[in-house]
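Q: Got a file for you: start.cif, mmCIF, C-alpha atoms.
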data_protein
#
loop_
_atom_site.label_atom_id
_atom_site.label_comp_id
_atom_site.auth_asym_id
_atom_site.auth_seq_id
_atom_site.Cartn_x
_atom_site.Cartn_y
_atom_site.Cartn_z
CA MET A 1365 0.00 0.00 0.00
CA VAL A 1366 2.65 2.48 1.08
CA THR A 1367 4.95 1.71 -1.82
CA ARG A 1368 2.10 2.09 -4.22
CA SER A 1369 1.18 5.52 -2.89
CA ILE A 1370 4.84 6.54 -2.95
CA ARG A 1371 5.08 5.39 -6.52
CA PHE A 1372 1.90 7.17 -7.51
CA ASN A 1373 2.85 10.42 -5.80
CA SER A 1374 6.34 10.40 -7.27
CA LEU A 1375 4.78 9.94 -10.68
CA VAL A 1376 2.42 12.87 -10.18
CA LEU A 1377 5.23 15.01 -8.87
CA SER A 1378 7.54 14.16 -11.77
CA LEU A 1379 4.75 14.87 -14.22
CA PHE A 1380 4.25 18.30 -12.79
CA ALA A 1381 8.00 18.89 -12.75
CA LEU A 1382 8.10 17.95 -16.42
CA VAL A 1383 5.23 20.25 -17.35
CA THR A 1384 6.66 23.21 -15.44
CA ALA A 1385 10.12 22.57 -16.89
CA LEU A 1386 8.65 22.59 -20.38
CA LEU A 1387 6.83 25.82 -19.65
CA LEU A 1388 10.02 27.40 -18.37
CA ALA A 1389 12.04 26.16 -21.31
CA SER A 1390 9.58 27.56 -23.82
CA THR A 1391 9.47 30.94 -22.07
CA HIS A 1392 13.24 30.94 -21.99
CA LEU A 1393 13.47 30.16 -25.69
CA GLY A 1394 10.78 32.68 -26.52
CA THR A 1395 12.44 35.55 -24.66
CA ARG A 1396 16.11 34.65 -25.14
CA ASP A 1397 16.73 36.87 -28.16
CA THR A 1398 14.79 39.81 -26.77
CA ILE A 1399 16.70 39.56 -23.50
CA ALA A 1400 20.02 39.41 -25.33
CA ALA A 1401 19.03 42.48 -27.36
CA ALA A 1402 17.91 44.33 -24.24
CA GLU A 1403 21.16 43.47 -22.45
CA ARG A 1404 23.18 44.57 -25.47
CA ALA A 1405 21.32 47.87 -25.70
CA ALA A 1406 21.81 48.47 -21.99
CA ALA A 1407 25.52 47.59 -22.21
CA GLN A 1408 26.03 49.92 -25.16
CA LYS A 1409 24.21 52.73 -23.41
CA THR A 1410 26.52 52.47 -20.40
CA LEU A 1411 29.65 52.33 -22.56
CA LEU A 1412 28.52 55.46 -24.38
CA GLU A 1413 28.00 57.20 -21.05
CA LEU A 1414 31.69 56.65 -20.24
CA PHE A 1415 33.01 57.46 -23.68
CA PRO A 1416 30.46 59.57 -25.61
CA ALA A 1417 30.26 59.15 -29.37
CA GLU A 1418 32.50 62.14 -30.14
CA GLN A 1419 35.37 60.71 -28.09
CA HIS A 1420 35.83 57.56 -30.16
CA ASP A 1421 35.36 56.33 -33.68
CA ASN A 1422 35.16 52.58 -33.19
CA ASP A 1423 32.30 50.32 -32.14
CA LEU A 1424 32.91 49.99 -28.40
CA LEU A 1425 30.68 46.98 -28.07
CA ASP A 1426 32.50 44.91 -30.68
CA ASP A 1427 36.09 46.17 -30.40
CA THR A 1428 37.12 44.02 -27.48
CA LEU A 1429 39.95 42.05 -25.95
CA PRO A 1430 39.29 38.97 -23.88
CA VAL A 1431 40.38 39.33 -20.27
CA PRO A 1432 43.35 36.94 -19.98
CA PRO A 1433 42.13 33.95 -17.90
CA ALA A 1434 44.91 34.51 -15.36
CA TYR A 1435 43.50 37.93 -14.48
CA LEU A 1436 39.84 37.01 -14.20
CA LYS A 1437 40.28 36.47 -10.49
CA THR A 1438 42.01 39.79 -9.93
CA LEU A 1439 39.02 41.54 -11.43
CA GLY A 1440 36.61 39.37 -9.47
CA LEU A 1441 35.08 37.96 -12.63
CA GLY A 1442 33.56 34.52 -12.41
CA ARG A 1443 33.49 33.87 -16.13
CA PRO A 1444 35.26 34.97 -19.30
CA ALA A 1445 34.74 38.66 -20.00
CA VAL A 1446 35.98 41.28 -22.41
CA ILE A 1447 37.74 44.60 -22.13
CA HIS A 1448 36.42 47.24 -24.52
CA VAL A 1449 38.99 49.24 -26.44
CA VAL A 1450 38.40 52.93 -27.12
CA ARG A 1451 40.07 54.33 -30.25
CA LYS A 1452 40.08 57.71 -31.89
CA GLY A 1453 41.95 58.40 -35.12
CA GLY A 1454 43.88 55.13 -34.93
CA GLU A 1455 45.16 55.85 -31.41
CA ILE A 1456 44.10 53.91 -28.36
CA SER A 1457 42.59 56.46 -26.04
CA GLY A 1458 41.26 54.24 -23.29
CA PHE A 1459 39.81 50.98 -22.07
CA VAL A 1460 36.61 49.91 -20.41
CA ILE A 1461 37.41 47.15 -17.95
CA PRO A 1462 34.74 44.98 -16.37
CA ALA A 1463 35.02 43.99 -12.72
CA THR A 1464 32.90 42.42 -10.03
CA ALA A 1465 33.03 43.33 -6.38
CA PRO A 1466 32.26 40.08 -4.56
CA ASP A 1467 31.58 41.76 -1.24
CA GLY A 1468 28.40 43.74 -1.76
CA TYR A 1469 25.74 43.64 0.92
CA SER A 1470 23.77 41.09 -1.07
CA GLY A 1471 26.19 39.41 -3.39
CA ASN A 1472 28.13 40.53 -6.39
CA ILE A 1473 28.22 44.06 -7.72
CA HIS A 1474 29.07 44.13 -11.40
CA MET A 1475 30.64 47.24 -12.82
CA ILE A 1476 32.68 48.66 -15.63
CA VAL A 1477 35.56 51.07 -15.18
CA GLY A 1478 36.54 53.44 -17.98
CA ILE A 1479 40.24 54.31 -17.87
CA ASP A 1480 42.11 56.62 -20.23
CA ALA A 1481 45.44 55.58 -21.70
CA GLY A 1482 47.25 57.44 -18.93
CA GLY A 1483 45.58 55.44 -16.16
CA ALA A 1484 43.06 58.01 -14.89
CA ILE A 1485 39.44 57.04 -14.39
CA VAL A 1486 37.04 58.39 -16.97
CA GLY A 1487 34.06 56.98 -15.18
CA VAL A 1488 32.68 54.02 -13.27
CA ARG A 1489 29.23 52.52 -13.74
CA VAL A 1490 27.48 49.74 -11.91
CA THR A 1491 25.92 47.38 -14.41
CA GLY A 1492 24.26 44.89 -12.12
CA HIS A 1493 23.68 44.39 -8.42
CA ALA A 1494 21.17 43.17 -5.89
CA GLU A 1495 21.79 45.76 -3.19
CA THR A 1496 18.94 46.95 -1.00
CA PRO A 1497 16.65 49.39 -2.80
CA GLY A 1498 16.70 52.76 -1.07
CA LEU A 1499 20.01 52.11 0.67
CA GLY A 1500 22.75 50.36 -1.26
CA ASP A 1501 21.36 51.15 -4.69
CA LYS A 1502 22.78 54.67 -4.52
CA ILE A 1503 25.75 53.25 -6.40
CA GLU A 1504 23.55 53.56 -9.48
CA LEU A 1505 23.86 56.89 -11.27
CA ARG A 1506 20.11 56.89 -11.88
CA ILE A 1507 19.56 57.21 -8.15
CA ASP A 1508 22.54 59.11 -6.84
CA PRO A 1509 25.55 60.92 -8.35
CA TRP A 1510 27.91 59.16 -5.91
CA ILE A 1511 29.56 57.02 -8.60
CA LEU A 1512 30.76 60.20 -10.34
CA SER A 1513 33.14 60.86 -7.43
CA PHE A 1514 35.59 58.46 -9.08
CA ASN A 1515 35.90 60.60 -12.20
CA GLY A 1516 39.41 61.85 -12.89
CA LEU A 1517 41.00 59.92 -10.03
CA SER A 1518 43.95 57.60 -10.45
CA LEU A 1519 46.22 55.45 -8.28
CA GLY A 1520 48.32 58.31 -6.92
CA ASN A 1521 45.37 60.65 -6.65
CA PRO A 1522 44.30 60.10 -3.92
CA PRO A 1523 47.12 58.07 -2.31
CA ARG A 1524 46.46 54.39 -1.79
CA GLU A 1525 45.41 54.60 1.87
CA ARG A 1526 42.68 57.11 1.01
CA TRP A 1527 41.08 54.69 -1.45
CA GLY A 1528 38.32 53.70 0.93
CA VAL A 1529 35.06 54.97 2.39
CA LYS A 1530 35.22 57.65 5.08
CA LYS A 1531 34.54 55.11 7.81
CA ASP A 1532 37.84 53.45 6.81
CA GLN A 1533 39.65 56.81 6.78
CA GLY A 1534 39.25 57.00 3.02
CA MET A 1535 37.95 59.85 0.93
CA PHE A 1536 34.75 58.37 -0.46
CA ASP A 1537 31.34 59.00 1.07
CA GLN A 1538 29.43 56.04 2.38
CA PHE A 1539 25.62 56.06 2.38
CA THR A 1540 23.30 56.47 5.32
CA GLY A 1541 22.60 52.93 6.41
CA ALA A 1542 24.87 51.32 3.85
CA THR A 1543 28.64 51.19 4.23
CA ILE A 1544 29.33 47.73 2.91
CA THR A 1545 28.11 48.46 -0.60
CA PRO A 1546 30.29 51.52 -1.36
CA ARG A 1547 33.23 49.91 0.44
CA GLY A 1548 33.08 46.96 -1.93
CA VAL A 1549 32.83 49.22 -4.96
CA VAL A 1550 35.72 51.48 -3.92
CA ARG A 1551 37.99 48.52 -3.23
CA LYS A 1552 37.25 46.93 -6.55
CA VAL A 1553 37.81 50.15 -8.49
CA ARG A 1554 41.20 50.41 -6.82
CA ASP A 1555 41.93 46.79 -7.81
CA VAL A 1556 41.09 47.62 -11.40
CA LEU A 1557 43.47 50.58 -11.38
CA GLU A 1558 46.23 48.40 -9.97
CA PHE A 1559 45.50 45.77 -12.58
CA PHE A 1560 45.71 48.42 -15.29
CA ARG A 1561 48.98 49.84 -14.00
CA GLU A 1562 50.58 46.41 -14.07
CA HIS A 1563 49.23 45.27 -17.41
CA ARG A 1564 48.80 48.51 -19.35
CA ASN A 1565 51.49 47.74 -21.90
CA GLU A 1566 50.24 44.21 -22.54
CA LEU A 1567 46.74 45.56 -23.10
CA ILE A 1568 47.88 48.24 -25.52
CA GLU A 1569 49.97 45.70 -27.39
CA ALA A 1570 47.09 43.25 -27.62
CA ALA A 1571 44.69 45.98 -28.69
CA GLY A 1572 47.16 47.14 -31.36
CA ASP A 1573 47.12 43.63 -32.81
CA GLY A 1574 43.37 43.66 -32.80
CA ALA A 1575 43.26 46.86 -34.78
CA GLN A 1576 45.10 45.34 -37.68
CA GLN A 1577 42.44 42.74 -38.17
CA PRO A 1578 39.66 43.77 -40.48
CA MET B 1082 -17.15 31.11 2.77
CA SER B 1083 -18.56 28.16 0.86
CA GLU B 1084 -20.98 30.29 -1.12
CA THR B 1085 -18.84 32.47 -3.32
CA SER B 1086 -20.38 35.28 -5.26
CA TYR B 1087 -18.27 37.27 -7.68
CA ARG B 1088 -19.21 40.42 -5.83
CA ASP B 1089 -17.93 39.04 -2.53
CA ILE B 1090 -14.67 37.93 -4.09
CA THR B 1091 -14.09 41.34 -5.62
CA ARG B 1092 -14.95 43.08 -2.38
CA ASN B 1093 -12.72 40.76 -0.38
CA GLY B 1094 -9.70 41.21 -2.61
CA LEU B 1095 -9.94 44.95 -2.95
CA TRP B 1096 -11.09 45.93 0.51
CA SER B 1097 -12.46 43.78 3.28
CA ASN B 1098 -9.81 41.05 3.11
CA ASN B 1099 -7.14 43.02 1.28
CA PRO B 1100 -3.88 41.01 1.34
CA ALA B 1101 -1.78 44.00 2.34
CA LEU B 1102 -4.09 46.00 4.59
CA VAL B 1103 -5.97 43.23 6.37
CA GLN B 1104 -4.03 39.99 5.98
CA ILE B 1105 -0.74 41.91 6.28
CA LEU B 1106 0.92 39.45 3.91
CA GLY B 1107 3.79 40.04 1.54
CA LEU B 1108 5.11 42.95 3.57
CA CYS B 1109 8.75 42.42 2.59
CA PRO B 1110 8.41 43.35 -1.09
CA LEU B 1111 5.61 45.76 -0.25
CA LEU B 1112 7.84 47.84 1.98
CA ALA B 1113 11.05 47.33 0.05
CA VAL B 1114 10.08 48.47 -3.44
CA SER B 1115 7.42 51.04 -2.69
CA GLY B 1116 9.90 53.91 -2.93
CA SER B 1117 8.34 55.23 -6.13
CA VAL B 1118 5.21 54.71 -8.16
CA VAL B 1119 6.98 53.02 -11.05
CA ASN B 1120 8.75 50.48 -8.84
CA ALA B 1121 5.56 49.78 -6.93
CA LEU B 1122 3.48 49.39 -10.06
CA GLY B 1123 6.11 47.16 -11.67
CA LEU B 1124 6.20 44.76 -8.76
CA GLY B 1125 2.45 45.05 -8.21
CA LEU B 1126 1.67 44.01 -11.77
CA ALA B 1127 4.22 41.19 -11.64
CA THR B 1128 2.69 39.89 -8.40
CA MET B 1129 -0.80 40.17 -9.84
CA LEU B 1130 0.22 38.17 -12.90
CA VAL B 1131 1.79 35.42 -10.80
CA LEU B 1132 -1.15 35.35 -8.40
CA ALA B 1133 -3.77 35.09 -11.14
CA GLY B 1134 -1.72 32.53 -13.07
CA SER B 1135 -0.98 30.32 -10.08
CA ASN B 1136 -4.61 30.49 -8.90
CA ILE B 1137 -5.83 29.32 -12.30
CA ALA B 1138 -3.23 26.55 -12.54
CA VAL B 1139 -3.83 25.36 -8.97
CA SER B 1140 -7.57 25.30 -9.54
CA LEU B 1141 -7.12 23.33 -12.76
CA ILE B 1142 -5.07 20.60 -11.11
CA ARG B 1143 -6.92 20.55 -7.78
CA ARG B 1144 -8.32 17.05 -8.41
CA GLN B 1145 -5.08 15.56 -9.77
CA ALA B 1146 -2.68 16.58 -7.04
CA SER B 1147 -3.12 14.31 -4.05
CA GLU B 1148 -2.86 15.49 -0.47
CA ALA B 1149 0.75 14.31 -0.13
CA VAL B 1150 2.22 16.17 -3.08
CA ARG B 1151 -0.13 19.15 -3.07
CA ILE B 1152 2.22 21.69 -1.50
CA PRO B 1153 5.31 20.77 -3.58
CA VAL B 1154 3.19 20.99 -6.71
CA PHE B 1155 1.85 24.41 -5.71
CA VAL B 1156 5.35 25.66 -5.01
CA MET B 1157 6.49 24.35 -8.38
CA ILE B 1158 3.63 26.12 -10.14
CA ILE B 1159 4.28 29.40 -8.34
CA ALA B 1160 8.00 29.21 -9.00
CA THR B 1161 7.33 28.57 -12.67
CA PHE B 1162 5.02 31.55 -13.03
CA THR B 1163 7.47 33.75 -11.16
CA THR B 1164 10.40 32.73 -13.34
CA CYS B 1165 8.35 33.23 -16.50
CA THR B 1166 7.36 36.70 -15.27
CA GLU B 1167 10.99 37.42 -14.49
CA LEU B 1168 12.08 36.40 -17.98
CA LEU B 1169 9.33 38.48 -19.57
CA MET B 1170 10.26 41.54 -17.53
CA LYS B 1171 13.90 41.03 -18.41
CA ALA B 1172 12.96 40.91 -22.08
CA TYR B 1173 10.55 43.82 -22.27
CA THR B 1174 11.24 46.10 -19.30
CA TYR B 1175 14.95 45.49 -18.82
CA GLU B 1176 15.73 48.60 -16.80
CA LEU B 1177 12.83 48.09 -14.44
CA TYR B 1178 13.90 44.48 -14.07
CA GLN B 1179 17.31 45.73 -12.96
CA ILE B 1180 15.79 48.16 -10.48
CA LEU B 1181 13.47 45.63 -8.86
CA GLY B 1182 16.36 43.17 -8.77
CA ILE B 1183 15.98 40.43 -6.22
CA PHE B 1184 12.35 41.27 -5.44
CA ILE B 1185 11.02 39.72 -8.65
CA PRO B 1186 12.32 36.21 -7.91
CA LEU B 1187 11.23 36.78 -4.31
CA ILE B 1188 7.60 36.88 -5.48
CA VAL B 1189 7.85 33.10 -5.00
CA THR B 1190 8.02 33.64 -1.28
CA ASN B 1191 5.12 36.08 -1.12
CA CYS B 1192 2.76 34.35 1.28
CA VAL B 1193 -0.27 35.88 -0.41
CA ILE B 1194 0.30 33.60 -3.38
CA LEU B 1195 0.74 30.28 -1.60
CA GLY B 1196 -1.98 31.39 0.80
CA ARG B 1197 -4.53 31.92 -1.95
CA ALA B 1198 -3.49 28.74 -3.74
CA GLU B 1199 -3.86 26.61 -0.64
CA ALA B 1200 -6.82 28.25 1.05
CA PHE B 1201 -8.91 29.22 -1.93
CA ALA B 1202 -7.90 28.14 -5.43
CA SER B 1203 -7.38 24.48 -4.50
CA LYS B 1204 -11.07 24.23 -3.52
CA GLN B 1205 -12.74 26.37 -6.15
CA PRO B 1206 -13.60 26.14 -9.86
CA VAL B 1207 -11.31 27.89 -12.31
CA GLY B 1208 -13.38 31.00 -12.99
CA VAL B 1209 -13.82 31.83 -9.33
CA ALA B 1210 -10.15 31.14 -8.59
CA ALA B 1211 -9.05 33.34 -11.47
CA LEU B 1212 -11.21 36.22 -10.30
CA ASP B 1213 -9.93 35.79 -6.76
CA GLY B 1214 -6.31 35.85 -7.94
CA LEU B 1215 -6.98 38.92 -10.04
CA MET B 1216 -8.77 40.78 -7.25
CA MET B 1217 -6.28 39.85 -4.52
CA GLY B 1218 -3.52 40.89 -6.91
CA THR B 1219 -5.25 44.16 -7.70
CA GLY B 1220 -5.79 44.84 -4.01
CA PHE B 1221 -2.11 44.19 -3.32
CA CYS B 1222 -1.05 46.30 -6.30
CA LEU B 1223 -3.30 49.21 -5.28
CA VAL B 1224 -1.83 49.35 -1.79
CA LEU B 1225 1.67 49.09 -3.25
CA VAL B 1226 1.03 51.97 -5.66
CA THR B 1227 -0.64 54.13 -2.99
CA LEU B 1228 2.33 53.59 -0.69
CA GLY B 1229 4.70 54.23 -3.60
CA ALA B 1230 2.93 57.49 -4.46
CA ILE B 1231 3.02 58.75 -0.88
CA ARG B 1232 6.68 57.82 -0.41
CA GLU B 1233 7.75 59.26 -3.74
CA LEU B 1234 5.84 62.46 -3.02
CA LEU B 1235 7.25 62.96 0.47
CA GLY B 1236 10.72 61.62 -0.21
CA SER B 1237 11.58 62.89 -3.67
CA GLY B 1238 8.96 65.56 -4.31
CA THR B 1239 7.90 63.93 -7.57
CA LEU B 1240 5.08 61.75 -8.79
CA PHE B 1241 5.21 59.25 -11.67
CA ALA B 1242 8.94 59.77 -12.27
CA ASN B 1243 10.65 57.30 -14.62
CA MET B 1244 7.36 55.86 -15.84
CA GLN B 1245 9.05 55.28 -19.21
CA LEU B 1246 10.71 52.24 -17.63
CA LEU B 1247 7.31 50.55 -17.71
CA PHE B 1248 5.36 52.27 -20.47
CA GLY B 1249 8.01 53.22 -23.02
CA PRO B 1250 9.47 56.60 -24.05
CA ALA B 1251 6.07 58.31 -24.33
CA ALA B 1252 5.66 58.11 -20.57
CA ALA B 1253 8.78 60.14 -19.82
CA GLY B 1254 6.64 63.28 -19.69
CA TRP B 1255 4.29 61.94 -17.02
CA LYS B 1256 6.58 63.05 -14.24
CA LEU B 1257 5.10 65.68 -11.96
CA GLU B 1258 7.57 67.82 -10.06
CA LEU B 1259 5.84 68.94 -6.89
CA PHE B 1260 8.71 70.52 -5.05
CA ASN B 1261 12.43 70.86 -5.46
CA GLY B 1262 15.24 69.98 -3.17
CA PRO B 1263 15.64 67.20 -0.67
CA GLY B 1264 12.45 65.61 0.56
CA LEU B 1265 11.77 63.76 3.74
CA LEU B 1266 14.48 61.10 3.79
CA LEU B 1267 12.53 59.00 6.26
CA ALA B 1268 9.80 58.43 3.68
CA ILE B 1269 12.28 56.75 1.34
CA LEU B 1270 13.89 54.58 4.02
CA PRO B 1271 12.31 51.33 5.20
CA PRO B 1272 11.15 52.72 8.58
CA GLY B 1273 9.18 55.35 6.69
CA ALA B 1274 7.53 52.59 4.71
CA PHE B 1275 6.51 50.86 7.93
CA ILE B 1276 5.12 54.04 9.45
CA LEU B 1277 3.16 55.01 6.34
CA MET B 1278 1.86 51.46 6.02
CA GLY B 1279 0.61 51.78 9.59
CA PHE B 1280 -1.22 54.98 8.68
CA LEU B 1281 -2.81 53.30 5.67
CA ILE B 1282 -4.06 50.42 7.81
CA ALA B 1283 -5.34 52.88 10.41
CA LEU B 1284 -7.13 54.86 7.72
CA LYS B 1285 -8.79 51.72 6.42
CA ASN B 1286 -9.94 50.82 9.93
CA ILE B 1287 -11.31 54.33 10.51
CA ILE B 1288 -13.32 54.12 7.29
CA ASP B 1289 -14.58 50.66 8.24
CA ASP B 1290 -15.53 51.83 11.73
CA ALA B 1291 -17.37 54.84 10.35
CA ALA B 1292 -19.24 52.62 7.92
CA ALA B 1293 -20.13 50.14 10.67
CA ARG B 1294 -21.32 52.93 12.94
CA ARG B 1295 -23.58 54.26 10.24
CA ARG B 1296 -25.14 50.83 9.87
CA ALA B 1297 -25.45 50.02 13.58
CA PRO B 1298 -25.48 53.12 15.85
CA ASP B 1299 -23.82 51.45 18.84
CA PRO B 1300 -21.27 48.81 17.88
CA GLU B 1301 -20.80 45.92 20.25
CA PRO B 1302 -17.46 45.81 22.03
CA GLN B 1303 -16.95 42.22 20.91
CA GLU B 1304 -16.58 43.38 17.37
CA LYS B 1305 -13.43 45.18 18.33
CA ALA B 1306 -11.83 42.06 19.72
CA SER B 1307 -12.54 40.06 16.61
CA ARG B 1308 -10.88 42.55 14.35
CA ARG B 1309 -7.47 41.68 15.70
CA VAL B 1310 -8.11 38.05 14.90
CA ARG B 1311 -9.16 38.91 11.41
CA THR B 1312 -5.95 40.78 10.68
CA THR B 1313 -3.79 37.74 11.10
CA GLY B 1314 -6.14 34.80 10.85
CA VAL B 1315 -8.84 33.95 8.35
CA ILE B 1316 -7.52 34.02 4.84
CA ASN B 1317 -10.54 33.00 2.82
#
What does the file become when written as structure tokens?

A:
Amino acid sequence: MVTRSIRFNSLVLSLFALVTALLLASTHLGTRDTIAAAERAAAQKTLLELFPAEQHDNDLLDDTLPVPPAYLKTLGLGRPAVIHVVRKGGEISGFVIPATAPDGYSGNIHMIVGIDAGGAIVGVRVTGHAETPGLGDKIELRIDPWILSFNGLSLGNPPRERWGVKKDQGMFDQFTGATITPRGVVRKVRDVLEFFREHRNELIEAAGDGAQQP
Amino acid sequence: MSETSYRDITRNGLWSNNPALVQILGLCPLLAVSGSVVNALGLGLATMLVLAGSNIAVSLIRRQASEAVRIPVFVMIIATFTTCTELLMKAYTYELYQILGIFIPLIVTNCVILGRAEAFASKQPVGVAALDGLMMGTGFCLVLVTLGAIRELLGSGTLFANMQLLFGPAAAGWKLELFNGPGLLLAILPPGAFILMGFLIALKNIIDDAAARRRAPDPEPQEKASRRVRTTGVIN
């Protein structure tokens, strides 16, 4: 009796699992292309915010270098990613480097850092996060101009020990009720700058090769 | 409530058994994303869609799912509808999807939905269950939007800002600027949401009391005691 009811219930349960899985799969297939297009449009919009159209003459979204696998961890990236190259008149004028701060208040904070060829920050934008609405989400430009406080800074400016939130004797504001979020972002931006200082020449060399390809 | 009239169901969902104001369910998303009208409306509509969908599905399979596997099946159905809604929002309202973030997948855990599935939809024919899901969802959405409007107004001094995230570029002009400069920060923060929610519930009770007094000039004291029970207890 018991085995029969177990067998019957398992069957019912698996049937429902199958039906719901099919439903999910079809929704996924139906929306996949639209989602990809929406993500692409959003990514392009953010890139153009960092380097407006008049500052470059290449397609930022497609002119990319893969992040060398050895450096994925430095940048906090869990999977292969690309660095966008900014060119104007044949010269490399900057890079947009992706990074992920693993220590947000609720998980990863994904961002991109625009750096000019000299190593100064052009701009930082958060591209994805799950921080608390109303508190930690002030890292988004849409909500708060805080993220603009990185503009123009570089490794020596301010000195390394000031690359933190005010609570850690740094120079960046934290938010009311949210210190962890900006702390994670500031640290990761500093990591990106250090990464760029160490690998600037390799990047420029690799990007130069890329330019010769049609 | 074995006899279910459409009028009762509508009235229950929108007012007398409102999931937010009376059952006090789903407070976490309610308080978390009600910082502006567009966020509130986005999550409200998503919740409504999931609630109506899961009510219909649960009602359809109410004879097939045996007692032992009922709850897992309900959870599976709700999770499916939530994920589908999430994918759809990601596809068509990408920016809003990013703003609402974790609270869209968290619709799964909104007790209103499992509550309605278990207490109502699993015992009722499809049409009735669908209407109930729709009305409970609308009731939840209305409270969410009201709270969003009040918080946006007090906290940011605007109304209907960023509506283009939900309705496309044409809605960018809907924004009303009521005052400039910093608003009341408390209204934007979670404690403000709690306090305003309390006022909304109080307001509803005042209206109910006034209506009851008009019907019966001297209300019995017992009625007062039962109201507390109703706020946390009876779901259907």

Q: Output the contact residues of chain B with respect to chain A at a cut-off of 7 Å, based on all atoms listed in the file, as a list in words.

A: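 Residues passing the distance filter: Ala1113, Val1114, Val1150, Val1154, Ile1158, Thr1161, Cys1165, Leu1168, Leu1169, Lys1171, Ala1172, Tyr1175, Gly1182, Ile1183, Ile1269 and Leu1270 of chain B.
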
Q: For a test of reading the model, state the distance in Å between atom CA of Leu1130 of chain B and atom CA of Leu1106 of chain B, rounded to one decimal.

A: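 Computing the Euclidean distance for atom CA of Leu1130 of chain B and atom CA of Leu1106 of chain B yields 16.9 Å.
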
Q: In Å, rounded to a single decimal, give me how far atom CA of Lys1256 of chain B is from atom CA of Phe1539 of chain A.

A: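 Result for atom CA of Phe1539 of chain A versus atom CA of Lys1256 of chain B: 26.2 Å, one decimal.
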
Q: Show which residues sit within 7 Å of Ser1203 of chain B, as a VMD selection string. Count all atoms listed in the file, and ignore same-chain residues fewer than 4 positions away.

A: chain B and resid 1139 to 1140 1143 1198 to 1199

Q: Could you write out as a list in words the residues that the PyMOL selection byres ((chain A and resi 1454-1468) around 7) matches in the shown file?

A: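 Applying the PyMOL selection byres ((chain A and resi 1454-1468) around 7) to the structure shown produces Leu1439, Gly1440, Leu1441, Ile1447, His1448, Val1449, Val1450, Arg1451, Lys1452, Gly1453, Tyr1469, Ser1470, Gly1471, Asn1472, Ile1473, His1474, Met1475, Ile1476, Val1477, Gly1478, Ile1479, Asp1480, Ala1481, Ile1544, Thr1545, Gly1548, Val1549 and Lys1552 of chain A.
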